[in-house]
Structure formats: structure tokens, C-alpha cells
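The next block is query_10.cif, given as mmCIF, C-alpha atoms and all ligand atoms.
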```cif
data_run
#
loop_
_atom_site.label_atom_id
_atom_site.label_comp_id
_atom_site.auth_asym_id
_atom_site.auth_seq_id
_atom_site.Cartn_x
_atom_site.Cartn_y
_atom_site.Cartn_z
CA MET A 1 0.00 0.00 0.00
CA GLY A 2 1.18 3.52 -0.80
CA LYS A 3 2.48 5.88 1.82
CA ALA A 4 1.47 9.51 2.17
CA ASP A 5 3.00 12.56 3.86
CA LEU A 6 0.39 15.27 4.33
CA HIS A 7 2.52 17.86 6.16
CA THR A 8 5.56 19.40 4.46
CA HIS A 9 7.03 22.87 3.89
CA THR A 10 9.02 24.40 1.03
CA ASP A 11 10.85 27.67 0.47
CA ALA A 12 7.49 29.29 -0.30
CA SER A 13 7.27 29.56 3.50
CA ASP A 14 9.86 28.54 6.08
CA GLY A 15 11.14 25.34 4.50
CA ASP A 16 14.55 25.45 2.86
CA CYS A 17 14.05 23.38 -0.26
CA SER A 18 12.23 24.02 -3.48
CA ALA A 19 8.99 22.30 -4.42
CA GLU A 20 10.84 20.35 -7.12
CA PHE A 21 13.51 19.10 -4.71
CA LEU A 22 10.82 18.04 -2.24
CA LEU A 23 8.88 16.09 -4.87
CA LYS A 24 12.01 14.29 -6.05
CA ARG A 25 13.00 13.46 -2.51
CA ALA A 26 9.47 12.19 -1.81
CA LYS A 27 9.79 9.88 -4.82
CA GLN A 28 13.18 8.62 -3.64
CA LYS A 29 11.71 7.90 -0.22
CA GLY A 30 8.96 5.79 -1.78
CA LEU A 31 6.03 8.08 -1.01
CA ARG A 32 3.00 7.85 -3.25
CA THR A 33 1.10 10.92 -2.07
CA LEU A 34 2.30 14.29 -0.83
CA ALA A 35 0.70 17.49 0.42
CA ILE A 36 2.79 20.65 0.54
CA THR A 37 1.39 22.58 3.49
CA ASP A 38 3.32 25.82 3.58
CA HIS A 39 2.33 28.41 6.17
CA ASP A 40 -0.51 30.52 4.72
CA THR A 41 0.50 30.15 1.07
CA ILE A 42 -0.03 27.75 -1.81
CA ARG A 43 2.75 29.13 -4.00
CA GLY A 44 4.91 26.05 -3.36
CA TYR A 45 1.99 23.80 -4.27
CA LEU A 46 1.34 25.75 -7.49
CA LYS A 47 4.94 25.20 -8.59
CA ALA A 48 4.84 21.53 -7.64
CA VAL A 49 1.56 20.73 -9.34
CA GLU A 50 3.09 21.37 -12.76
CA ILE A 51 5.77 18.71 -12.32
CA ALA A 52 4.23 16.23 -9.89
CA ASP A 53 2.87 13.92 -12.60
CA ASP A 54 6.23 13.71 -14.36
CA ILE A 55 7.99 12.90 -11.10
CA GLY A 56 5.29 10.36 -10.26
CA ILE A 57 3.84 11.79 -7.06
CA GLU A 58 0.15 12.25 -6.32
CA LEU A 59 -0.02 15.83 -5.04
CA ILE A 60 -2.93 17.09 -2.95
CA PRO A 61 -3.58 20.82 -2.52
CA GLY A 62 -2.65 21.85 1.00
CA VAL A 63 -1.84 24.76 3.30
CA GLU A 64 -1.17 25.21 7.04
CA ILE A 65 -3.21 28.17 8.17
CA SER A 66 -2.33 30.15 11.30
CA CYS A 67 -5.57 31.38 12.82
CA LEU A 68 -7.18 32.59 16.01
CA TRP A 69 -9.33 30.50 18.31
CA ASN A 70 -10.37 32.18 21.57
CA ASN A 71 -7.53 34.70 21.05
CA ARG A 72 -5.07 31.85 20.79
CA GLU A 73 -3.00 30.99 17.70
CA VAL A 74 -3.80 27.59 16.26
CA HIS A 75 -2.49 25.83 13.16
CA ILE A 76 -5.08 24.26 10.92
CA LEU A 77 -4.20 22.10 7.93
CA ALA A 78 -6.48 22.54 4.93
CA TYR A 79 -6.57 20.05 2.05
CA SER A 80 -8.03 19.40 -1.35
CA PHE A 81 -9.73 22.78 -1.76
CA ASP A 82 -10.25 24.53 -5.08
CA THR A 83 -6.98 26.46 -5.36
CA GLU A 84 -8.56 29.01 -7.70
CA ASP A 85 -11.38 29.84 -5.33
CA GLU A 86 -11.51 33.62 -4.86
CA GLU A 87 -12.28 33.45 -1.14
CA ILE A 88 -9.27 31.19 -0.57
CA GLU A 89 -7.06 33.54 -2.59
CA SER A 90 -8.32 36.52 -0.63
CA LEU A 91 -7.85 34.78 2.74
CA LEU A 92 -4.27 33.76 1.94
CA ARG A 93 -3.45 37.21 0.60
CA ARG A 94 -4.64 38.78 3.86
CA GLN A 95 -2.66 36.22 5.87
CA SER A 96 0.52 37.11 3.95
CA LEU A 97 -0.03 40.81 4.59
CA ALA A 98 -0.67 40.10 8.28
CA ARG A 99 2.61 38.16 8.43
CA LYS A 100 4.50 41.12 6.95
CA ALA A 101 2.95 43.62 9.37
CA ARG A 102 3.66 41.30 12.29
CA MET A 103 7.30 40.85 11.22
CA ARG A 104 7.71 44.64 11.10
CA ALA A 105 6.43 44.77 14.69
CA ILE A 106 8.75 41.90 15.73
CA VAL A 107 11.75 43.65 14.18
CA LYS A 108 10.82 46.89 15.94
CA LYS A 109 10.59 45.09 19.28
CA LEU A 110 14.02 43.48 18.74
CA GLN A 111 15.49 46.85 17.74
CA ASP A 112 14.11 48.32 20.99
CA GLN A 113 16.02 45.56 22.79
CA GLY A 114 19.20 46.73 21.08
CA VAL A 115 19.36 44.10 18.34
CA ASP A 116 20.83 45.39 15.08
CA LEU A 117 18.30 44.02 12.62
CA ASP A 118 16.07 45.44 9.94
CA TYR A 119 12.98 44.20 8.15
CA GLU A 120 14.69 44.07 4.75
CA GLU A 121 17.27 41.58 6.06
CA VAL A 122 14.51 39.25 7.24
CA GLN A 123 12.65 39.70 3.97
CA ALA A 124 15.80 38.79 2.02
CA GLU A 125 16.14 35.63 4.11
CA ALA A 126 12.60 34.64 3.14
CA TYR A 127 13.59 35.01 -0.54
CA GLY A 128 10.11 35.85 -1.71
CA GLY A 129 8.37 33.28 0.45
CA ASN A 130 5.82 33.92 3.17
CA ILE A 131 7.68 35.59 6.01
CA GLY A 132 7.87 34.10 9.51
CA ARG A 133 9.97 33.92 12.65
CA PRO A 134 12.24 31.18 11.25
CA HIS A 135 13.57 33.73 8.73
CA ALA A 136 14.35 36.15 11.56
CA ALA A 137 16.02 33.24 13.40
CA HIS A 138 18.37 32.69 10.47
CA VAL A 139 19.34 36.35 10.35
CA LEU A 140 20.04 36.30 14.10
CA MET A 141 22.30 33.28 13.52
CA LYS A 142 24.14 34.89 10.61
CA LYS A 143 24.71 38.00 12.70
CA GLN A 144 25.98 35.83 15.54
CA TYR A 145 23.39 36.90 18.08
CA VAL A 146 22.74 33.19 18.58
CA ARG A 147 24.62 30.01 17.68
CA SER A 148 21.70 27.83 16.72
CA PHE A 149 18.18 28.00 15.32
CA PRO A 150 16.47 26.79 18.53
CA GLU A 151 18.53 29.30 20.54
CA ALA A 152 17.01 32.12 18.47
CA PHE A 153 13.57 31.06 19.73
CA VAL A 154 14.72 30.57 23.32
CA ARG A 155 16.51 33.90 23.56
CA TYR A 156 14.40 36.10 21.29
CA LEU A 157 11.58 34.88 19.08
CA GLY A 158 9.79 32.62 21.54
CA LYS A 159 9.78 35.22 24.35
CA PRO A 160 6.34 36.38 25.53
CA GLU A 161 6.89 39.97 24.35
CA ILE A 162 7.36 38.68 20.80
CA LYS A 163 4.73 35.95 20.96
CA ASN A 164 2.19 38.44 22.29
CA ILE A 165 2.52 40.79 19.34
CA GLU A 166 -0.82 40.91 17.56
CA THR A 167 -0.71 38.66 14.50
CA GLY A 168 -3.75 39.89 12.60
CA TYR A 169 -4.52 36.30 11.56
CA ALA A 170 -8.04 35.29 10.55
CA GLU A 171 -10.52 33.85 13.04
CA ILE A 172 -10.94 30.08 12.89
CA THR A 173 -14.63 30.47 11.97
CA GLU A 174 -13.69 32.32 8.80
CA VAL A 175 -11.01 29.75 7.92
CA LEU A 176 -13.50 26.91 8.34
CA SER A 177 -16.16 28.53 6.19
CA VAL A 178 -13.77 29.64 3.45
CA VAL A 179 -12.02 26.26 3.15
CA LYS A 180 -15.27 24.28 3.25
CA GLY A 181 -16.79 26.70 0.75
CA ALA A 182 -13.90 25.84 -1.57
CA GLY A 183 -14.62 22.13 -1.17
CA GLY A 184 -11.68 21.57 1.18
CA VAL A 185 -11.32 19.68 4.44
CA LEU A 186 -9.58 20.77 7.65
CA SER A 187 -7.49 18.99 10.25
CA VAL A 188 -6.03 20.18 13.58
CA ALA A 189 -2.24 20.31 13.16
CA HIS A 190 0.12 18.69 15.72
CA PRO A 191 -2.34 18.66 18.65
CA GLY A 192 0.08 16.76 20.91
CA PRO A 193 2.28 19.61 22.09
CA MET A 194 -0.53 22.18 21.85
CA TYR A 195 -3.73 21.16 23.59
CA THR A 196 -5.19 19.33 26.55
CA ASP A 197 -7.83 16.70 25.74
CA THR A 198 -10.60 19.09 26.79
CA GLU A 199 -9.19 21.81 24.56
CA ILE A 200 -9.01 19.49 21.58
CA GLU A 201 -12.63 18.44 22.12
CA ASP A 202 -13.62 22.14 22.19
CA LEU A 203 -11.57 22.86 19.11
CA LEU A 204 -13.11 19.95 17.22
CA SER A 205 -16.59 21.21 18.09
CA THR A 206 -15.92 24.23 15.82
CA GLY A 207 -16.48 21.89 12.86
CA ILE A 208 -13.00 20.67 11.95
CA ASP A 209 -13.02 17.48 9.88
CA GLY A 210 -9.95 15.69 11.14
CA ILE A 211 -7.04 15.32 13.54
CA GLU A 212 -3.37 15.16 12.66
CA CYS A 213 -2.85 11.94 14.60
CA ILE A 214 0.54 11.12 13.13
CA HIS A 215 3.25 13.76 13.67
CA PRO A 216 6.88 13.49 14.81
CA SER A 217 5.99 15.21 18.08
CA HIS A 218 3.55 12.41 18.96
CA ASN A 219 4.79 9.32 20.72
CA PHE A 220 3.03 6.02 20.15
CA ASP A 221 0.53 6.63 22.98
CA LYS A 222 -0.46 9.97 21.51
CA GLN A 223 -0.80 8.52 18.01
CA LYS A 224 -3.07 5.89 19.44
CA LYS A 225 -5.09 8.32 21.54
CA TYR A 226 -5.76 10.73 18.68
CA THR A 227 -6.50 7.94 16.23
CA GLU A 228 -9.09 6.53 18.65
CA MET A 229 -10.49 10.01 19.21
CA ALA A 230 -10.85 10.51 15.44
CA LYS A 231 -12.43 7.11 14.99
CA SER A 232 -15.02 7.56 17.73
CA ALA A 233 -15.99 11.03 16.46
CA GLN A 234 -15.98 9.81 12.83
CA LEU A 235 -13.29 12.28 11.90
CA LEU A 236 -10.50 12.00 9.36
CA VAL A 237 -7.03 10.85 10.34
CA THR A 238 -4.20 12.92 8.84
CA GLY A 239 -0.47 12.88 9.39
CA GLY A 240 2.96 13.75 8.11
CA SER A 241 6.53 14.67 8.89
CA ASP A 242 6.26 18.49 9.14
CA TYR A 243 9.41 18.50 7.00
CA HIS A 244 11.04 21.94 6.75
CA GLY A 245 14.24 20.94 4.92
CA ARG A 246 17.54 19.83 6.22
CA SER A 247 18.93 22.81 8.04
CA LYS A 248 15.83 24.07 9.77
CA SER A 249 14.12 21.10 11.22
CA GLU A 250 14.77 18.48 13.79
CA TYR A 251 12.03 16.67 11.86
CA ASP A 252 14.24 15.91 8.84
CA PRO A 253 14.83 12.23 9.72
CA TYR A 254 11.07 11.74 9.74
CA PHE A 255 10.59 12.52 6.04
CA GLY A 256 9.65 9.25 4.38
CA THR A 257 9.12 7.48 7.70
CA VAL A 258 6.38 9.45 9.47
CA THR A 259 3.61 8.69 7.01
CA ILE A 260 0.00 7.58 6.82
CA GLY A 261 -1.67 4.90 4.73
CA GLU A 262 -3.59 5.51 1.52
CA GLN A 263 -6.92 4.63 3.14
CA HIS A 264 -6.77 7.90 5.09
CA VAL A 265 -6.03 9.84 1.89
CA SER A 266 -8.98 8.17 0.16
CA ALA A 267 -11.31 9.10 3.04
CA LEU A 268 -10.08 12.68 2.93
CA LEU A 269 -10.57 12.93 -0.83
CA ARG A 270 -14.05 11.40 -0.56
CA THR A 271 -15.09 14.03 2.01
CA SER A 272 -13.76 16.76 -0.23
CA GLU A 273 -15.46 15.35 -3.35
CA ASN A 274 -18.80 15.25 -1.51
CA ARG A 275 -18.34 18.84 -0.42
CA LYS A 276 -17.49 19.92 -3.97
CA ARG A 277 -20.52 18.07 -5.33
CA ILE A 278 -22.86 19.76 -2.84
CA ARG A 279 -21.31 23.13 -3.67
CA LYS A 280 -21.88 22.52 -7.38
CA ASP A 281 -25.50 21.47 -6.80
CA LEU A 282 -26.15 24.64 -4.80
CA ARG A 283 -24.87 26.89 -7.57
P1 LIG A 301 5.66 31.88 12.67
O1 LIG A 301 4.90 31.28 11.54
O2 LIG A 301 6.33 33.14 12.32
O3 LIG A 301 4.85 32.01 13.94
O4 LIG A 301 6.80 30.84 13.01
C1 LIG A 301 6.42 29.56 13.42
C2 LIG A 301 7.38 28.53 12.85
O5 LIG A 301 8.61 28.67 13.53
C3 LIG A 301 6.92 27.12 13.11
O6 LIG A 301 6.16 26.63 12.05
C4 LIG A 301 8.23 26.38 13.20
O7 LIG A 301 8.69 26.09 11.90
C5 LIG A 301 9.16 27.40 13.80
N1 LIG A 301 9.29 27.35 15.27
C6 LIG A 301 8.41 27.80 16.18
N2 LIG A 301 8.88 27.64 17.44
C7 LIG A 301 10.09 27.07 17.33
C8 LIG A 301 11.09 26.65 18.26
N3 LIG A 301 10.93 26.80 19.57
N4 LIG A 301 12.21 26.10 17.77
C9 LIG A 301 12.37 25.96 16.44
N5 LIG A 301 11.47 26.33 15.51
C10 LIG A 301 10.35 26.89 15.94
FE FE A 302 7.13 26.19 10.12
FE FE A 303 2.49 24.16 12.65
ZN ZN A 304 4.01 22.74 9.70
#
```
Would you kindly transcribe this structure into C-alpha cells?
Ligand code: AMP
Ligand code: FE
Ligand code: FE
Ligand code: ZN
Amino acid sequence: MGKADLHTHTDASDGDCSAEFLLKRAKQKGLRTLAITDHDTIRGYLKAVEIADDIGIELIPGVEISCLWNNREVHILAYSFDTEDEEIESLLRRQSLARKARMRAIVKKLQDQGVDLDYEEVQAEAYGGNIGRPHAAHVLMKKQYVRSFPEAFVRYLGKPEIKNIETGYAEITEVLSVVKGAGGVLSVAHPGPMYTDTEIEDLLSTGIDGIECIHPSHNFDKQKKYTEMAKSAQLLVTGGSDYHGRSKSEYDPYFGTVTIGEQHVSALLRTSENRKRIRKDLR
């Protein structure tokens, strides 16, 4: 049976490899299905979709959306939506702008702390991709403020005064309605390190379709717990490696090994097809 990785990043957000490199590596690793889930952008997916057939990978539209739930930032994975849907395009455009404004505020805060850093340096590090704290982390490393990527988060970017800067991200209710309206399905990303069981139940009651049961941050007990939770609530099971490329992620060894089976992909695609059919009938 084919293996699938439904959580990966490219240089269209904070991953460090191109969509083409990722597809080729996925093929080498024996994956059948891949979703590129860059933070708040589908530009990596749009590049990949043109070459996926030639490389021999089934590619599913995907994106990891940062959004607000009870004033808290949550990451929601969206799959198999119509990538030309205007509401999706508008949502992702606003998310990109919000990321830029937030990064300007982050840079200002670091400058106030005496760090010699400007927005343009961080932007250059993102080389055209959707900007995020990992890009600032790399600049801090290059400028020798920190020696490692995790240290940049411990000493600067993960501090409350940075984390508390308003993000301007969309509310979860909007994300749910836009993605579903575009025939897509949604899954709670990496719940393990993020939520208590009560919180995840509350979060699922917003109308999310699935749980990312399989993720490198989940030990076997967590995989089992979330898979049982999904099964009893008749929700989709999703999973993947959260690959960000070699230099940025402790998750690199998991690419090709942290995978899910094709039956979960089929269930996800069926849910999306039904949603698209209903949408078409309503029009
Ligand atoms: P942002 O999208 O700007 O909020 O940045 C979040 C991204 O930074 C995550 O998707 C991870 O790739 C990375 N990240 C967040 N926290 C840490 C951390 N403590 N150590 C390393 N990477 C992190
Ligand atoms: Fe990331
Ligand atoms: Fe995430
Ligand atoms: Zn991710």
C-alpha cells in the first residue's frame, strides 16, 4: 500500500528546499502521495503541481493556516480545496499581509532591545516566500546573536513579548467557512504539544473534519489516543513529517518514515469530493 505525507514545507514559507527538490525526494523515499502545506501560502503547491505527474507523485492541494481561536494561535491544515477559489485567494493574501505587518512589529521590538536588525534583512532571508519567525532566526544566527536555530527562539523569538505581538490572523470560523466553501477539508495540526484533551474536544466542536494523529511530536501513545479520538468522532485521520528541509528542522529524519496509509487519503478525498458536489448542486 502507498504511503502519504500530508505535512511538508518548502521555500514558499519557512522550508529550505524548493517544491521540485521536495517532490524528487518524496519519490526517492517511496512516497506515493504528498501534500505541501506551507504556512498561509499555496505558491509552493502551485509550482509543484506542474511537475508532480512527471515525477510520479500524487499531489494534494494543502496549506497550514495560522488562525485565532479564543484569542489563541492555532495551526489548521487545509486540504483538497479549489486552489482558484476567490475566497481562498483573498484569505491567503490577507494572511501574507498580516505576516508582513507582524514581522515589522517583531523587528521593531528586537530593535528596541538593542538588536541590530532590519525588516529588509529578514525579507531577504525569506527570498520571496511567506515571512515568519524562522527567517528572523536565520538572520540572528548569521549575525551571531545566537549560535543555533532553537537558541534564536529561546533567547528572542519565543519570548512572551514577541509571541504576544498581535498577529492579525483570521478567526478560525472564517477559515472553516472559506475552506469548506472551496470544497476543502480541515485537520487540527500537531495537537500533541498544543492542547489538553478538553481543549481538543472544544476545538473539534468548531467543525473541523480531522485530527493530525501522526506527527513526529507524537509518541506512540499519543498517536493511538488521537487515532481513537478521530475514529469515535468519525473524523479523518491525517499525518505527516512536518518537514522543513535539512537545516531548519529536527524533523528531517522523519521525512519518508512518518507517514499515513492511503486509506486515510482516500477518506479525505471522498469528504472533499462530496463537499465539492454539494457546492456545485447549490450553484
Ligand atoms: P511563525 O509562523 O512566524 O509564527 O513561526 C512559526 C514557525 O517557527 C513554526 O512553524 C516552526 O517552523 C518554527 N518554530 C516555532 N517555534 C520554534 C522553536 N521553539 N524552535 C524551532 N522552531 C520553531
Ligand atoms: Fe514552520
Ligand atoms: Fe504548525
Ligand atoms: Zn508545519
CA of His264 in chain A to CA of Gly239 in chain A measures 9.1 Å
Closest-contact table, chain A side, partner ligand LIG 301 (chain A), 8 Å, counting all atoms listed in the file, as a Markdown table:
```
| residue | atom | partner | partner_atom | distance |
| --- | --- | --- | --- | --- |
| A:Asp14 | CA | A:LIG301 | O7 | 6.4 |
| A:Gly15 | CA | A:LIG301 | O7 | 7.8 |
| A:His39 | CA | A:LIG301 | O1 | 6.6 |
| A:Ser66 | CA | A:LIG301 | O1 | 7.3 |
| A:Arg99 | CA | A:LIG301 | O2 | 7.4 |
| A:Met103 | CA | A:LIG301 | O2 | 7.8 |
| A:Ile131 | CA | A:LIG301 | O2 | 6.9 |
| A:Gly132 | CA | A:LIG301 | O2 | 3.3 |
| A:Arg133 | CA | A:LIG301 | O2 | 3.7 |
| A:Pro134 | CA | A:LIG301 | O5 | 5.0 |
| A:Phe149 | CA | A:LIG301 | C9 | 6.3 |
| A:Pro150 | CA | A:LIG301 | N4 | 4.4 |
| A:Glu151 | CA | A:LIG301 | N4 | 7.6 |
| A:Ala152 | CA | A:LIG301 | N4 | 7.7 |
| A:Phe153 | CA | A:LIG301 | N3 | 5.0 |
| A:Val154 | CA | A:LIG301 | N3 | 6.5 |
| A:Leu157 | CA | A:LIG301 | N2 | 7.9 |
| A:Gly158 | CA | A:LIG301 | N3 | 6.2 |
| A:His244 | CA | A:LIG301 | O7 | 7.0 |
| A:Lys248 | CA | A:LIG301 | N5 | 7.6 |
| A:Ser249 | CA | A:LIG301 | N5 | 7.3 |
```
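Among the candidates A:Val107, A:Leu236, A:Leu22, A:Val63, the one nearest to ligand FE 302 (chain A) when counting all atoms listed in the file is A:Val63.
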To one decimal in Å, tell me the separation between CA of Asp112 in chain A and CA of Ser148 in chain A.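 Atom-to-atom, CA of Asp112 in chain A to CA of Ser148 in chain A, that is 22.3 Å.
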Which residues are near ligand FE 303 (chain A) - at most 9 Å, using only C-alpha atoms and all ligand atoms? Format: as a ChimeraX atom specification. /A:39,64-66,74-77,189-190,242
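Residues in contact with Phe81 in chain A at 6 Å, where all atoms listed in the file are counted and same-chain residues fewer than 6 positions away are skipped, are listed as Ala182, Gly183 and Gly184 of chain A.
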Problem - Close residues, range 121-126 of chain A itself excluded, 7 Å, only C-alpha atoms, min 5 positions apart in chain, as JSON, numbers by chain - result: {"A": [131, 135, 136, 139]}
Can you tell me, as a list of chain:residue names, which residues sit within 9 Å of (18.0, 39.0, 15.1) in the file's frame, using only C-alpha atoms?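 Selection result: A:Val107, A:Leu110, A:Gln111, A:Val115, A:Asp116, A:Leu117, A:Asp118, A:Val122, A:Ala136, A:Ala137, A:His138, A:Val139, A:Leu140, A:Met141, A:Lys142, A:Lys143, A:Gln144, A:Tyr145, A:Val146, A:Ala152, A:Tyr156, A:Leu157.
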Mind checking which residues fall within 12 Å of Thr167 in chain A, counting all atoms listed in the file, ignoring those fewer than 3 positions away in the same chain, and posting them as an mmCIF file with C-alpha atoms, in the frame of the given file?
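result.cif, written as the output of this step:
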```
data_model
loop_
_atom_site.group_PDB
_atom_site.id
_atom_site.type_symbol
_atom_site.label_atom_id
_atom_site.label_comp_id
_atom_site.auth_asym_id
_atom_site.auth_seq_id
_atom_site.Cartn_x
_atom_site.Cartn_y
_atom_site.Cartn_z
ATOM 1 C CA SER A 66 -2.330 30.150 11.300
ATOM 2 C CA CYS A 67 -5.570 31.380 12.820
ATOM 3 C CA LEU A 68 -7.180 32.590 16.010
ATOM 4 C CA ASN A 71 -7.530 34.700 21.050
ATOM 5 C CA ARG A 72 -5.070 31.850 20.790
ATOM 6 C CA GLU A 73 -3.000 30.990 17.700
ATOM 7 C CA VAL A 74 -3.800 27.590 16.260
ATOM 8 C CA ARG A 94 -4.640 38.780 3.860
ATOM 9 C CA GLN A 95 -2.660 36.220 5.870
ATOM 10 C CA SER A 96 0.520 37.110 3.950
ATOM 11 C CA LEU A 97 -0.030 40.810 4.590
ATOM 12 C CA ALA A 98 -0.670 40.100 8.280
ATOM 13 C CA ARG A 99 2.610 38.160 8.430
ATOM 14 C CA LYS A 100 4.500 41.120 6.950
ATOM 15 C CA ALA A 101 2.950 43.620 9.370
ATOM 16 C CA ARG A 102 3.660 41.300 12.290
ATOM 17 C CA MET A 103 7.300 40.850 11.220
ATOM 18 C CA ARG A 104 7.710 44.640 11.100
ATOM 19 C CA ALA A 105 6.430 44.770 14.690
ATOM 20 C CA ILE A 106 8.750 41.900 15.730
ATOM 21 C CA GLY A 132 7.870 34.100 9.510
ATOM 22 C CA ARG A 133 9.970 33.920 12.650
ATOM 23 C CA ILE A 162 7.360 38.680 20.800
ATOM 24 C CA LYS A 163 4.730 35.950 20.960
ATOM 25 C CA ASN A 164 2.190 38.440 22.290
ATOM 26 C CA ALA A 170 -8.040 35.290 10.550
ATOM 27 C CA GLU A 171 -10.520 33.850 13.040
#
```
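If you measure from each of A:Gly261, A:Gly44, A:Gly114, A:Gly30 to Ser13 in chain A using only C-alpha atoms, the closest one turns out to be A:Gly44.
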| query | Can you list, as a ChimeraX atom specification, every protein, DNA or RNA residue that comes within 10 Å of range 229-235 of chain A when you count all atoms listed in the file, leaving out same-chain residues fewer than 4 positions away? | reply | /A:187,197,200-201,204,208-213,223-225,267-268
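Here CA of His9 in chain A and CA of Leu269 in chain A stand 20.8 Å from one another.
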12 Å contact set for Gln28 in chain A, only C-alpha atoms, chain neighbours under 3 positions out, as a short mmCIF file (atom, residue, chain, number, x, y, z; two decimals) with C-alpha atoms, keeping the file's coordinate frame:
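This went into selection20.cif:
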```
data_model
loop_
_atom_site.label_atom_id
_atom_site.label_comp_id
_atom_site.auth_asym_id
_atom_site.auth_seq_id
_atom_site.Cartn_x
_atom_site.Cartn_y
_atom_site.Cartn_z
CA PHE A 21 13.51 19.10 -4.71
CA LEU A 22 10.82 18.04 -2.24
CA LEU A 23 8.88 16.09 -4.87
CA LYS A 24 12.01 14.29 -6.05
CA ARG A 25 13.00 13.46 -2.51
CA LEU A 31 6.03 8.08 -1.01
CA ARG A 32 3.00 7.85 -3.25
CA ILE A 55 7.99 12.90 -11.10
CA GLY A 56 5.29 10.36 -10.26
CA ILE A 57 3.84 11.79 -7.06
CA PHE A 255 10.59 12.52 6.04
CA GLY A 256 9.65 9.25 4.38
#
```
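Comparing the minimum interatomic distances between ligand FE 302 (chain A) and each of A:Gln113, A:Thr198, A:Thr10, A:Thr271, counting only C-alpha atoms and all ligand atoms, we find that A:Thr10 sits nearest.
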Using only C-alpha atoms and all ligand atoms, the residue out of A:Arg147, A:His7, A:Lys159, A:Lys222 with shortest distance to ligand ZN 304 (chain A) is A:His7
Judged by all atoms listed in the file, the minimum distance to ligand ZN 304 (chain A) among A:Ile60, A:Ile260, A:Ala48, A:Val188 is found for A:Val188
Can you report as JSON the centre and edge lengths in Å, to one decimal, of an axis-aligned box around the listed atoms of range 197-206 of chain A padded with 4 Å on each side?
```
{"center_x": -12.2, "center_y": 20.5, "center_z": 21.3, "size_x": 16.8, "size_y": 15.5, "size_z": 19.0}
```
Open item on the list: Counting only C-alpha atoms, which residue out of A:Pro216, A:Ile51, A:Arg270, A:Gly181 sits closest to Arg283 in chain A?
Closed with: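 Residue with the minimum atom-to-atom distance to Arg283 in chain A: A:Gly181.
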At the level of N, CA, C and O atoms, write range 33-44 of chain A to a file as a compact mmCIF listing (two decimals), in the first residue's frame, please.
```
# COMPACT_ATOMS: atom_id res chain seq x y z
N THR A 33 1.91 9.70 -2.13
CA THR A 33 1.10 10.92 -2.07
C THR A 33 1.76 11.95 -1.17
O THR A 33 2.34 11.61 -0.13
N LEU A 34 1.68 13.21 -1.59
CA LEU A 34 2.30 14.29 -0.83
C LEU A 34 1.37 15.49 -0.78
O LEU A 34 0.67 15.77 -1.76
N ALA A 35 1.33 16.17 0.36
CA ALA A 35 0.70 17.49 0.42
C ALA A 35 1.76 18.48 0.88
O ALA A 35 2.47 18.21 1.86
N ILE A 36 1.91 19.55 0.13
CA ILE A 36 2.79 20.65 0.54
C ILE A 36 1.90 21.60 1.34
O ILE A 36 0.90 22.10 0.82
N THR A 37 2.25 21.78 2.62
CA THR A 37 1.39 22.58 3.49
C THR A 37 2.17 23.77 4.04
O THR A 37 2.43 23.87 5.24
N ASP A 38 2.59 24.65 3.14
CA ASP A 38 3.32 25.82 3.58
C ASP A 38 2.44 26.70 4.45
O ASP A 38 1.22 26.65 4.36
N HIS A 39 3.08 27.52 5.29
CA HIS A 39 2.33 28.41 6.17
C HIS A 39 1.64 29.49 5.34
O HIS A 39 2.31 30.35 4.74
N ASP A 40 0.32 29.44 5.29
CA ASP A 40 -0.51 30.52 4.72
C ASP A 40 -0.21 30.85 3.26
O ASP A 40 -0.44 31.99 2.84
N THR A 41 0.30 29.90 2.50
CA THR A 41 0.50 30.15 1.07
C THR A 41 0.44 28.84 0.29
O THR A 41 0.84 27.79 0.81
N ILE A 42 -0.04 28.93 -0.95
CA ILE A 42 -0.03 27.75 -1.81
C ILE A 42 0.95 27.92 -2.98
O ILE A 42 0.90 27.18 -3.95
N ARG A 43 1.83 28.92 -2.87
CA ARG A 43 2.75 29.13 -4.00
C ARG A 43 3.67 27.94 -4.25
O ARG A 43 4.02 27.65 -5.39
N GLY A 44 4.07 27.25 -3.19
CA GLY A 44 4.91 26.05 -3.36
C GLY A 44 4.11 24.95 -4.06
O GLY A 44 4.61 24.28 -4.97
```
